[in-house]
Amino acid sequence: MEIFTQTVVNGIVLSSIYILVALGFALIFSVMQILNFAHGTIYMAGAYVCYYLASSFGLPPWAAILISAVVLALFGVFLERFGFRYLENDFNRTLMFSLVIIVFLQTTADITVGPYVKRVPSVLHGVTTVAGITLSKERLITCVITVCLLLAVTFLIRKTALGRQMLAVAQDGDAASLQGINVHRVAAFALGLSSALAAVAGGLMGSIIMLNTYMGDAMLLRAITLVIIAGIGSLGGLFVSGLIVGFVDAVLPIFIGGSGSAVVAFSFAILILVIRPQGLFGHEI
Amino acid sequence: MRIKKLTLFVIVFLTATVMVLPSLAFAQKKIKIGILAALTGPFASAEIHQRDGVVMAVDWYNEKGGITIKGEKYLLEAVTEDHKCTAEGSKTATEKLVNDHKVKFIAGATITYINLAAGAVTEPAKVIRAVNYVGFRPGELTAQTPYTFKVNPTVPEGIAPALDYLVEKFPKVKTFGTITPDDGNQPILFPFCEKEGKQRGLKQISTVPWAHDTVDFYPKMTQLLAPKPDVVFVVHAFEEALVQMIKAAREMGMKGPFAVASYENPYDIVDMAGKDLTPPFFSHGWSHDVNDPQLTPEMKECIKTAEAKMGKFHNWNLWGWNEVMVIVQAIEKAQSLDTTVIANTWRKMDSIKTIYGPGKMGGEKTYGIKNAVCSRLAITEVLPGGVVKHVKWTPYYLP
């Protein structure tokens, strides 16, 4: 019973982690139809900025995460203004540009912080007991933050004027422009928000799973898997796909070793691409 | 006009010759030491420090005047290539070292599949290689790899001494759960741990392999701790993974000791996992205290040099420094740069000095070839309050 309970808890926590990381990626894919392969590295950069603020200036982890989100949001706006805007949604050019960002950010992190094992200070220390189950406080707060952010982003998209503009741009950029929507401003906001979400995820994960310049690579793969399964334009679907992949990663390692759980998750994603390319909850492109 | 051009050419040629000749006359002979290390990828956080150790040792020997072979002085020169933590990367990097840089000696690497890929290049080229973590995989270190030498204490050797100390320090423990990377060695290592544990009255009740790209260790520790072992026995893990294991286990309520059969930096573990969560913990990692009389002069030299040149010492600097130390001794003993002569001489050395203390060659029965440098292992414990203490040295010899 205990292993079952712990496994369920592990599944919920892992799902939250994956949803948090994938949220920004899904947003930019839905709004701009851009597969931003640099999203994992932006997540890593957010973690490193957070670490730098906390260790060099002694800022509390909360403040470091917030400032890191602002810094990376501005970076995202910069990327849209001077990069993605000119790529005209061409996949090959977008991929190359993403690779440039990846190399730049990873090298910068390597040079500035170096190859030493580092960790972002925890936002909350210790453990707590909920309904007889022992939980790490930092993991619990990560779950709470994930749910809050998912709800906030969904509210933004569905209930605000800016969100409706983003949906319009996602549907047809030219038509949206003809309606008077500043497409570039909407895209910049989307990329800025996406980067900020990645930074928050990085700051929280940097205390749970340690810092290294390649911490974003595995997370990017999980984010892509979640978005494929959920489908374009479905943030609610992201919640379901996050649960699927999170529980696969929590349960399968108990029965099979190695990277077996990753194989299962990716196989499921490939199956979805084959039989239902728009994802479980997405719309046709 | 033509004569003037010819005169000008002769003047320029003679001037250039006069300028170059002296430097040619005094050109220092060099021996290149190739470094095969992860500069990028998940192992970079350890192997970059190993690389630094090699570079520091090379500089140290050069500051002392280099090494002498048949009356001639040779300086050392370090050349690094990045294996990128993949077998393909290892093969490419090794080919660059051997074919482009023309090295005859390579320091590194550590991971089994990296070593296997590199060995496919170095053995036919008769390049001497000083490797580390040898996990008994076929072809890794055998009679068919006469130019490959295991030079640092590695994981399989660390298992028995770790279990010996475990029963000595914690006599009440009866069961352990073993966790090790899923790198192809676990089918050999798990039964090995079980056998060694049984010999000491311990029962292995759970075994868990973990993939190098594991994001979260909670599922793995859930599986390991399900039958409630008294001890978590970590065969091998880089610091990041070990910290996550400790945090997960302690947050799940496991209070028993962490016994680590490898060489992770206990200071980093305490720093990352916390001084309250880490103990009880011990490993074969090393103390950094230069005032500790149990450390060798060479270890203290490495620590001081690292702090002076790099700003900080890291455990894996010792591995790199030791790689150079033993290669140099083998060359000086052979008094030759012929790698076949050096390899044959090295195997036959009665004793060899390591950074950890006196050593000797072994491995004839274990690997089928006497290419293992054996010395002694440290037992370093993390005490309550997060204090790191070198407890003792324990000798090991591979038959």
# chains A, B, ... in the order shown; residues from 1 in each chain; ligands from 1
call {"tool": "interface_residues", "arguments": {"of": "chain B", "to": "chain A", "cutoff": "6 Å", "atoms": "only C-alpha atoms", "output": "compact mmCIF listing (two decimals) with N, CA and C atoms, in the first residue's frame"}}
result
# COMPACT_ATOMS: atom_id res chain seq x y z
N SER B 45 30.41 17.76 -15.47
CA SER B 45 30.62 18.33 -14.15
C SER B 45 31.68 17.57 -13.37
N ASP B 182 22.37 2.49 -14.99
CA ASP B 182 22.01 1.51 -16.02
C ASP B 182 22.95 1.73 -17.21
N PRO B 209 18.42 -0.14 -11.08
CA PRO B 209 19.29 0.59 -12.01
C PRO B 209 18.63 1.93 -12.37
N TRP B 210 19.46 2.96 -12.62
CA TRP B 210 18.88 4.24 -13.02
C TRP B 210 19.57 4.74 -14.29
N ALA B 211 18.75 5.28 -15.19
CA ALA B 211 19.28 5.78 -16.46
C ALA B 211 19.98 7.11 -16.23
N PRO B 219 10.83 8.11 -8.01
CA PRO B 219 10.37 6.75 -8.37
C PRO B 219 11.42 5.68 -8.08
N GLN B 223 11.12 2.61 -5.26
CA GLN B 223 11.32 1.19 -5.55
C GLN B 223 12.40 0.61 -4.64
call {"tool": "select_by_dssp", "arguments": {"residues": "segment 41-135 of chain A", "states": "alpha helix (DSSP H)", "output": "ChimeraX atom specification"}}
result
/A:41-57,61-82,91-112
call {"tool": "residues_around", "arguments": {"residues": "segment 67-75 of chain A", "least_positions_apart": "5", "cutoff": "8 Å", "atoms": "only C-alpha atoms", "output": "list in words"}}
result
Ile42, Ala45, Gly46, Ala47, Val49, Cys50, Leu191, Gly192, Leu193, Ser194, Ser195, Ala196, Leu197, Ala198, Ala199, Val200 and Gly203 of chain A
call {"tool": "atom_distance", "arguments": {"atom1": "atom CA of Tyr396 of chain B", "atom2": "atom CA of Tyr367 of chain B"}}
result
15.4 Å
call {"tool": "closest_residue", "arguments": {"among": "B:Met349, B:Leu242, B:Leu76, B:Leu318", "to": "Asn132 of chain B", "atoms": "only C-alpha atoms"}}
result
B:Leu318
call {"tool": "residues_around", "arguments": {"residues": "Thr94 of chain B", "least_positions_apart": "6", "cutoff": "9 Å", "atoms": "only C-alpha atoms", "output": "ChimeraX atom specification"}}
result
/B:34,36,81-83,106,117-119,121-122
call {"tool": "residues_around", "arguments": {"residues": "Leu224 of chain B", "least_positions_apart": "3", "cutoff": "10 Å", "atoms": "only C-alpha atoms", "output": "ChimeraX atom specification"}}
result
/A:254 /B:176-179,205-209,218-221,227-229,232-233,249
call {"tool": "write_last_selection", "arguments": {"atoms": "N, CA and C atoms", "output": "PDB file, in the first residue's frame"}}
result
ATOM      1  N   ILE A 254       9.461   1.558 -11.736  1.00  0.00           N
ATOM      2  CA  ILE A 254       9.407   0.577 -10.659  1.00  0.00           C
ATOM      3  C   ILE A 254       9.444  -0.843 -11.235  1.00  0.00           C
TER       4      ILE A 254
ATOM      5  N   PHE B 176      20.499  -4.360   2.774  1.00  0.00           N
ATOM      6  CA  PHE B 176      20.804  -3.166   1.985  1.00  0.00           C
ATOM      7  C   PHE B 176      20.104  -3.227   0.632  1.00  0.00           C
ATOM      8  N   GLY B 177      19.838  -2.036   0.104  1.00  0.00           N
ATOM      9  CA  GLY B 177      19.298  -1.909  -1.249  1.00  0.00           C
ATOM     10  C   GLY B 177      20.371  -1.259  -2.101  1.00  0.00           C
ATOM     11  N   THR B 178      20.625  -1.826  -3.267  1.00  0.00           N
ATOM     12  CA  THR B 178      21.724  -1.367  -4.132  1.00  0.00           C
ATOM     13  C   THR B 178      21.184  -0.601  -5.323  1.00  0.00           C
ATOM     14  N   ILE B 179      21.813   0.525  -5.594  1.00  0.00           N
ATOM     15  CA  ILE B 179      21.410   1.330  -6.749  1.00  0.00           C
ATOM     16  C   ILE B 179      22.660   1.684  -7.552  1.00  0.00           C
ATOM     17  N   ILE B 205      18.371  -6.756  -0.508  1.00  0.00           N
ATOM     18  CA  ILE B 205      16.928  -7.015  -0.659  1.00  0.00           C
ATOM     19  C   ILE B 205      16.271  -6.195  -1.761  1.00  0.00           C
ATOM     20  N   SER B 206      17.001  -5.267  -2.341  1.00  0.00           N
ATOM     21  CA  SER B 206      16.437  -4.568  -3.507  1.00  0.00           C
ATOM     22  C   SER B 206      17.585  -4.082  -4.376  1.00  0.00           C
ATOM     23  N   THR B 207      17.321  -4.060  -5.690  1.00  0.00           N
ATOM     24  CA  THR B 207      18.323  -3.566  -6.640  1.00  0.00           C
ATOM     25  C   THR B 207      17.613  -2.678  -7.646  1.00  0.00           C
ATOM     26  N   VAL B 208      18.202  -1.529  -7.920  1.00  0.00           N
ATOM     27  CA  VAL B 208      17.562  -0.579  -8.836  1.00  0.00           C
ATOM     28  C   VAL B 208      18.602   0.032  -9.765  1.00  0.00           C
ATOM     29  N   PRO B 209      18.419  -0.138 -11.084  1.00  0.00           N
ATOM     30  CA  PRO B 209      19.288   0.591 -12.013  1.00  0.00           C
ATOM     31  C   PRO B 209      18.634   1.926 -12.366  1.00  0.00           C
ATOM     32  N   TYR B 218      12.716  10.233  -7.274  1.00  0.00           N
ATOM     33  CA  TYR B 218      11.704   9.727  -6.350  1.00  0.00           C
ATOM     34  C   TYR B 218      11.178   8.340  -6.747  1.00  0.00           C
ATOM     35  N   PRO B 219      10.830   8.111  -8.009  1.00  0.00           N
ATOM     36  CA  PRO B 219      10.367   6.749  -8.365  1.00  0.00           C
ATOM     37  C   PRO B 219      11.416   5.684  -8.084  1.00  0.00           C
ATOM     38  N   LYS B 220      12.665   5.993  -8.378  1.00  0.00           N
ATOM     39  CA  LYS B 220      13.733   5.008  -8.159  1.00  0.00           C
ATOM     40  C   LYS B 220      13.917   4.725  -6.673  1.00  0.00           C
ATOM     41  N   MET B 221      13.895   5.777  -5.870  1.00  0.00           N
ATOM     42  CA  MET B 221      14.078   5.572  -4.430  1.00  0.00           C
ATOM     43  C   MET B 221      12.836   4.916  -3.821  1.00  0.00           C
ATOM     44  N   PRO B 227      11.102  -2.408   0.194  1.00  0.00           N
ATOM     45  CA  PRO B 227      11.247  -3.483   1.194  1.00  0.00           C
ATOM     46  C   PRO B 227      11.922  -3.034   2.479  1.00  0.00           C
ATOM     47  N   LYS B 228      12.158  -1.748   2.629  1.00  0.00           N
ATOM     48  CA  LYS B 228      12.724  -1.135   3.835  1.00  0.00           C
ATOM     49  C   LYS B 228      14.119  -1.674   4.191  1.00  0.00           C
ATOM     50  N   PRO B 229      15.086  -1.462   3.311  1.00  0.00           N
ATOM     51  CA  PRO B 229      16.455  -1.868   3.648  1.00  0.00           C
ATOM     52  C   PRO B 229      17.011  -0.980   4.759  1.00  0.00           C
ATOM     53  N   VAL B 232      21.173   2.252   2.248  1.00  0.00           N
ATOM     54  CA  VAL B 232      21.165   2.488   0.801  1.00  0.00           C
ATOM     55  C   VAL B 232      22.610   2.359   0.339  1.00  0.00           C
ATOM     56  N   PHE B 233      22.852   1.393  -0.533  1.00  0.00           N
ATOM     57  CA  PHE B 233      24.208   1.143  -1.015  1.00  0.00           C
ATOM     58  C   PHE B 233      24.297   1.663  -2.443  1.00  0.00           C
ATOM     59  N   ALA B 249      15.385  10.021  -0.421  1.00  0.00           N
ATOM     60  CA  ALA B 249      15.317   8.992   0.620  1.00  0.00           C
ATOM     61  C   ALA B 249      14.996   9.610   1.971  1.00  0.00           C
TER      62      ALA B 249
END
call {"tool": "atom_distance", "arguments": {"atom1": "atom CA of Tyr133 of chain B", "atom2": "atom CA of Pro279 of chain B"}}
result
25.9 Å
call {"tool": "residues_around", "arguments": {"residues": "Asp350 of chain B", "least_positions_apart": "5", "cutoff": "9 Å", "atoms": "only C-alpha atoms", "output": "PyMOL selection string"}}
result
chain B and resi 359-361
call {"tool": "residues_around", "arguments": {"residues": "Phe258 of chain B", "least_positions_apart": "3", "cutoff": "12 Å", "atoms": "only C-alpha atoms", "output": "number ranges by chain"}}
result
B: 162-163, 165-166, 170, 173, 176-179, 229-236, 242-243, 245-247, 249-250, 254-255, 261-262, 266, 269, 277-283, 381-383
call {"tool": "write_last_selection", "arguments": {"atoms": "C-alpha atoms", "output": "tab-separated table (two decimals), in the first residue's frame"}}
result
chain	number	residue	atom	x	y	z
B	162	ALA	CA	32.71	-0.04	1.57
B	163	LEU	CA	30.84	-3.08	2.86
B	165	TYR	CA	33.41	-0.37	6.78
B	166	LEU	CA	29.63	-0.58	6.82
B	170	PHE	CA	27.08	0.07	11.74
B	173	VAL	CA	22.51	-3.30	9.87
B	176	PHE	CA	20.80	-3.17	1.98
B	177	GLY	CA	19.30	-1.91	-1.25
B	178	THR	CA	21.72	-1.37	-4.13
B	179	ILE	CA	21.41	1.33	-6.75
B	229	PRO	CA	16.46	-1.87	3.65
B	230	ASP	CA	18.63	-0.73	6.56
B	231	VAL	CA	21.18	0.82	4.20
B	232	VAL	CA	21.16	2.49	0.80
B	233	PHE	CA	24.21	1.14	-1.02
B	234	VAL	CA	25.16	3.37	-3.93
B	235	VAL	CA	27.63	1.65	-6.20
B	236	HIS	CA	28.33	4.72	-8.28
B	242	LEU	CA	23.61	11.24	-5.40
B	243	VAL	CA	22.27	14.46	-3.89
B	245	MET	CA	18.91	10.21	-4.04
B	246	ILE	CA	19.77	11.42	-0.54
B	247	LYS	CA	17.08	14.10	-0.57
B	249	ALA	CA	15.32	8.99	0.62
B	250	ARG	CA	15.42	11.34	3.60
B	254	MET	CA	14.73	6.78	5.44
B	255	LYS	CA	17.17	7.47	8.25
B	261	ALA	CA	31.32	2.58	-3.08
B	262	SER	CA	32.77	5.33	-5.25
B	266	PRO	CA	31.48	14.60	0.19
B	269	ILE	CA	27.11	16.36	-1.21
B	277	LEU	CA	19.99	15.33	5.51
B	278	THR	CA	23.34	13.86	4.49
B	279	PRO	CA	24.59	11.90	7.52
B	280	PRO	CA	24.98	9.10	8.17
B	281	PHE	CA	26.98	8.89	4.96
B	282	PHE	CA	30.37	7.64	3.88
B	283	SER	CA	32.17	7.19	0.59
B	381	GLU	CA	32.55	9.99	6.52
B	382	VAL	CA	30.04	12.82	6.89
B	383	LEU	CA	29.40	13.19	10.59
call {"tool": "select_by_dssp", "arguments": {"residues": "segment 36-260 of chain A", "states": "strand (DSSP E or B)", "output": "list in words"}}
result
Lys118, Val127, Thr128, Thr129, Val130, Ile133, Thr134, Leu135, Ser136 and Leu211 of chain A
call {"tool": "closest_residue", "arguments": {"among": "B:Asp338, B:Glu47, B:Ile379, B:Tyr267", "to": "Lys312 of chain B", "atoms": "only C-alpha atoms"}}
result
B:Tyr267
call {"tool": "atom_distance", "arguments": {"atom1": "atom CA of Glu364 of chain B", "atom2": "atom CA of Thr394 of chain B"}}
result
21.0 Å
call {"tool": "closest_residue", "arguments": {"among": "A:Phe266, A:Phe84, A:Phe25, A:Phe189", "to": "Thr41 of chain A", "atoms": "only C-alpha atoms"}}
result
A:Phe25
